[in-house]
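Novice: Below you'll find final17.tsv; it's TSV, C-alpha atoms and all ligand atoms.
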```tsv
chain	number	residue	atom	x	y	z
A	279	MET	CA	1.27	-13.00	-26.53
A	280	PRO	CA	0.66	-13.92	-22.90
A	281	GLU	CA	-1.28	-11.49	-20.79
A	282	LYS	CA	1.02	-8.95	-19.25
A	283	LYS	CA	0.75	-8.53	-15.49
A	284	ALA	CA	1.02	-4.79	-15.57
A	285	CYS	CA	-0.80	-2.14	-13.57
A	286	SER	CA	-4.56	-2.11	-14.29
A	287	ILE	CA	-4.74	1.65	-14.62
A	288	GLU	CA	-5.48	2.79	-18.12
A	289	GLY	CA	-2.33	3.86	-19.94
A	290	CYS	CA	0.01	2.62	-17.19
A	291	GLU	CA	2.54	-0.03	-18.07
A	292	ASN	CA	4.39	-0.23	-14.79
A	293	GLU	CA	4.99	-3.48	-13.02
A	294	THR	CA	2.31	-4.59	-10.55
A	295	LYS	CA	3.14	-4.02	-6.92
A	296	ARG	CA	-0.14	-4.74	-5.16
A	297	THR	CA	-3.47	-6.33	-5.91
A	298	VAL	CA	-6.40	-4.52	-4.37
A	299	SER	CA	-10.13	-5.01	-4.09
A	300	LEU	CA	-11.97	-3.01	-6.71
A	301	ALA	CA	-14.90	-2.32	-4.40
A	302	LYS	CA	-12.58	-0.72	-1.87
A	303	THR	CA	-10.68	1.41	-4.35
A	304	GLU	CA	-13.33	2.52	-6.82
A	305	PHE	CA	-14.05	5.81	-5.06
A	306	ALA	CA	-10.33	6.60	-4.87
A	307	LEU	CA	-9.86	5.93	-8.56
A	308	LYS	CA	-12.64	8.38	-9.32
A	309	LYS	CA	-11.10	11.02	-7.09
A	310	GLU	CA	-7.79	10.65	-8.88
A	311	GLY	CA	-9.50	10.61	-12.25
A	312	LEU	CA	-8.04	7.21	-13.00
A	313	LYS	CA	-9.63	4.42	-14.92
A	314	ALA	CA	-8.91	0.81	-14.14
A	315	ILE	CA	-9.10	-1.65	-16.97
A	316	HIS	CA	-10.49	-4.97	-15.79
A	317	LYS	CA	-12.77	-7.75	-16.90
A	318	PRO	CA	-16.39	-7.42	-15.75
A	319	LYS	CA	-16.10	-10.42	-13.45
A	320	GLU	CA	-12.89	-9.35	-11.80
A	321	THR	CA	-13.21	-8.03	-8.28
A	322	LYS	CA	-9.57	-7.09	-7.92
A	323	ILE	CA	-7.26	-4.80	-9.82
A	324	ARG	CA	-3.49	-4.59	-10.01
A	325	LEU	CA	-1.64	-1.42	-9.07
A	326	CYS	CA	1.94	-0.35	-9.56
A	327	ALA	CA	3.83	1.28	-6.69
A	328	ASP	CA	2.97	4.81	-7.83
A	329	HIS	CA	-0.73	4.22	-8.26
A	330	TYR	CA	-0.95	2.20	-5.08
A	331	LYS	CA	0.49	5.13	-3.15
A	332	LYS	CA	-2.10	7.50	-4.61
A	333	ILE	CA	-5.01	5.17	-3.97
A	334	LYS	CA	-3.88	4.31	-0.46
A	335	LYS	CA	-3.87	7.98	0.48
A	336	HIS	CA	-7.59	8.23	-0.27
A	337	ILE	CA	-8.41	5.01	1.54
A	338	LYS	CA	-6.61	6.21	4.65
A	339	GLU	CA	-8.43	9.54	4.55
A	340	LYS	CA	-11.75	7.81	4.20
A	341	GLU	CA	-11.03	5.51	7.10
A	342	LYS	CA	-10.08	8.47	9.24
A	343	LEU	CA	-13.38	10.18	8.45
A	344	GLU	CA	-15.34	7.06	9.18
A	345	ARG	CA	-13.65	6.61	12.50
A	346	ALA	CA	-14.20	10.25	13.42
A	347	ARG	CA	-17.91	9.81	12.96
A	348	TRP	CA	-18.05	7.39	15.89
A	349	ARG	CA	-16.43	9.73	18.36
B	1	ZN	ZN	0.14	2.26	-12.49
```
Step by step, read the file and then write its structure as structure tokens.
Specialist:
Amino acid sequence: MPEKKACSIEGCENETKRTVSLAKTEFALKKEGLKAIHKPKETKIRLCADHYKKIKKHIKEKEKLERARWR
């Protein structure tokens, strides 16, 4: 069977919407209690629309905090 291009989140079978950098999203995955399944060499993971929305929320919050620090 060919490899399915589904969401990388453990237990999620939804269609992939976005591909994101693992380094950028790792902290957000932890906050959400999600586990991404990926090969050790992969630096990117695939997210479905639902998971992308959740992860993006954390990334935006983090960016806001980082910007606030420079004020
Ligand atoms: Zn998903």
Novice: Which residues are near ligand ZN 1 (chain B) - at most 12 Å, using all atoms listed in the file? Format: as an MDAnalysis selection string.
Specialist: chainID A and resid 283:297 307 312:315 323:333
Novice: Pull C-alpha atoms from the residues just selected and write them as a PDB file, keeping the file's coordinate frame.
Specialist:
```pdb
ATOM      1  CA  LYS A 283       0.750  -8.530 -15.490  1.00  0.00           C
ATOM      2  CA  ALA A 284       1.020  -4.790 -15.570  1.00  0.00           C
ATOM      3  CA  CYS A 285      -0.800  -2.140 -13.570  1.00  0.00           C
ATOM      4  CA  SER A 286      -4.560  -2.110 -14.290  1.00  0.00           C
ATOM      5  CA  ILE A 287      -4.740   1.650 -14.620  1.00  0.00           C
ATOM      6  CA  GLU A 288      -5.480   2.790 -18.120  1.00  0.00           C
ATOM      7  CA  GLY A 289      -2.330   3.860 -19.940  1.00  0.00           C
ATOM      8  CA  CYS A 290       0.010   2.620 -17.190  1.00  0.00           C
ATOM      9  CA  GLU A 291       2.540  -0.030 -18.070  1.00  0.00           C
ATOM     10  CA  ASN A 292       4.390  -0.230 -14.790  1.00  0.00           C
ATOM     11  CA  GLU A 293       4.990  -3.480 -13.020  1.00  0.00           C
ATOM     12  CA  THR A 294       2.310  -4.590 -10.550  1.00  0.00           C
ATOM     13  CA  LYS A 295       3.140  -4.020  -6.920  1.00  0.00           C
ATOM     14  CA  ARG A 296      -0.140  -4.740  -5.160  1.00  0.00           C
ATOM     15  CA  THR A 297      -3.470  -6.330  -5.910  1.00  0.00           C
ATOM     16  CA  LEU A 307      -9.860   5.930  -8.560  1.00  0.00           C
ATOM     17  CA  LEU A 312      -8.040   7.210 -13.000  1.00  0.00           C
ATOM     18  CA  LYS A 313      -9.630   4.420 -14.920  1.00  0.00           C
ATOM     19  CA  ALA A 314      -8.910   0.810 -14.140  1.00  0.00           C
ATOM     20  CA  ILE A 315      -9.100  -1.650 -16.970  1.00  0.00           C
ATOM     21  CA  ILE A 323      -7.260  -4.800  -9.820  1.00  0.00           C
ATOM     22  CA  ARG A 324      -3.490  -4.590 -10.010  1.00  0.00           C
ATOM     23  CA  LEU A 325      -1.640  -1.420  -9.070  1.00  0.00           C
ATOM     24  CA  CYS A 326       1.940  -0.350  -9.560  1.00  0.00           C
ATOM     25  CA  ALA A 327       3.830   1.280  -6.690  1.00  0.00           C
ATOM     26  CA  ASP A 328       2.970   4.810  -7.830  1.00  0.00           C
ATOM     27  CA  HIS A 329      -0.730   4.220  -8.260  1.00  0.00           C
ATOM     28  CA  TYR A 330      -0.950   2.200  -5.080  1.00  0.00           C
ATOM     29  CA  LYS A 331       0.490   5.130  -3.150  1.00  0.00           C
ATOM     30  CA  LYS A 332      -2.100   7.500  -4.610  1.00  0.00           C
ATOM     31  CA  ILE A 333      -5.010   5.170  -3.970  1.00  0.00           C
TER      32      ILE A 333
END
```
Novice: Could you jot down the CA of Leu343 in chain A to CA of Glu310 in chain A separation for me, Å, one decimal place?
Specialist: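 CA of Leu343 in chain A sits 18.2 Å away from CA of Glu310 in chain A.
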Novice: Counting all atoms listed in the file, which residue out of A:Lys338, A:Arg347, A:Lys322, A:His316 sits closest to Ser299 in chain A?
Specialist: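 Residue with the minimum atom-to-atom distance to Ser299 in chain A: A:Lys322.
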Novice: What does the distance from CA of His336 in chain A to CA of Thr303 in chain A come to in Å, to one decimal?
Specialist: 8.5 Å
Novice: Using all atoms listed in the file - which residues lie no farther than 7 Å from the point (-13.9, -8.0, -8.2) in the file's frame? Write them as a short mmCIF file (atom, residue, chain, number, x, y, z; two decimals) with C-alpha atoms, in the frame of the given file.
Specialist:
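Output (result20.cif):
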```cif
data_model
loop_
_atom_site.label_atom_id
_atom_site.label_comp_id
_atom_site.auth_asym_id
_atom_site.auth_seq_id
_atom_site.Cartn_x
_atom_site.Cartn_y
_atom_site.Cartn_z
CA SER A 299 -10.13 -5.01 -4.09
CA LEU A 300 -11.97 -3.01 -6.71
CA ALA A 301 -14.90 -2.32 -4.40
CA LYS A 319 -16.10 -10.42 -13.45
CA GLU A 320 -12.89 -9.35 -11.80
CA THR A 321 -13.21 -8.03 -8.28
CA LYS A 322 -9.57 -7.09 -7.92
#
```
Novice: Any idea what's packed within 8 Å of Ile337 in chain A, counting all atoms listed in the file, ignoring anything in its chain fewer than 3 positions away? Could you give it as a tab-separated table (two decimals) with C-alpha atoms, in the frame of the given file?
Specialist:
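The new file part05.tsv reads:
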```
chain	number	residue	atom	x	y	z
A	302	LYS	CA	-12.58	-0.72	-1.87
A	303	THR	CA	-10.68	1.41	-4.35
A	306	ALA	CA	-10.33	6.60	-4.87
A	333	ILE	CA	-5.01	5.17	-3.97
A	334	LYS	CA	-3.88	4.31	-0.46
A	340	LYS	CA	-11.75	7.81	4.20
A	341	GLU	CA	-11.03	5.51	7.10
```
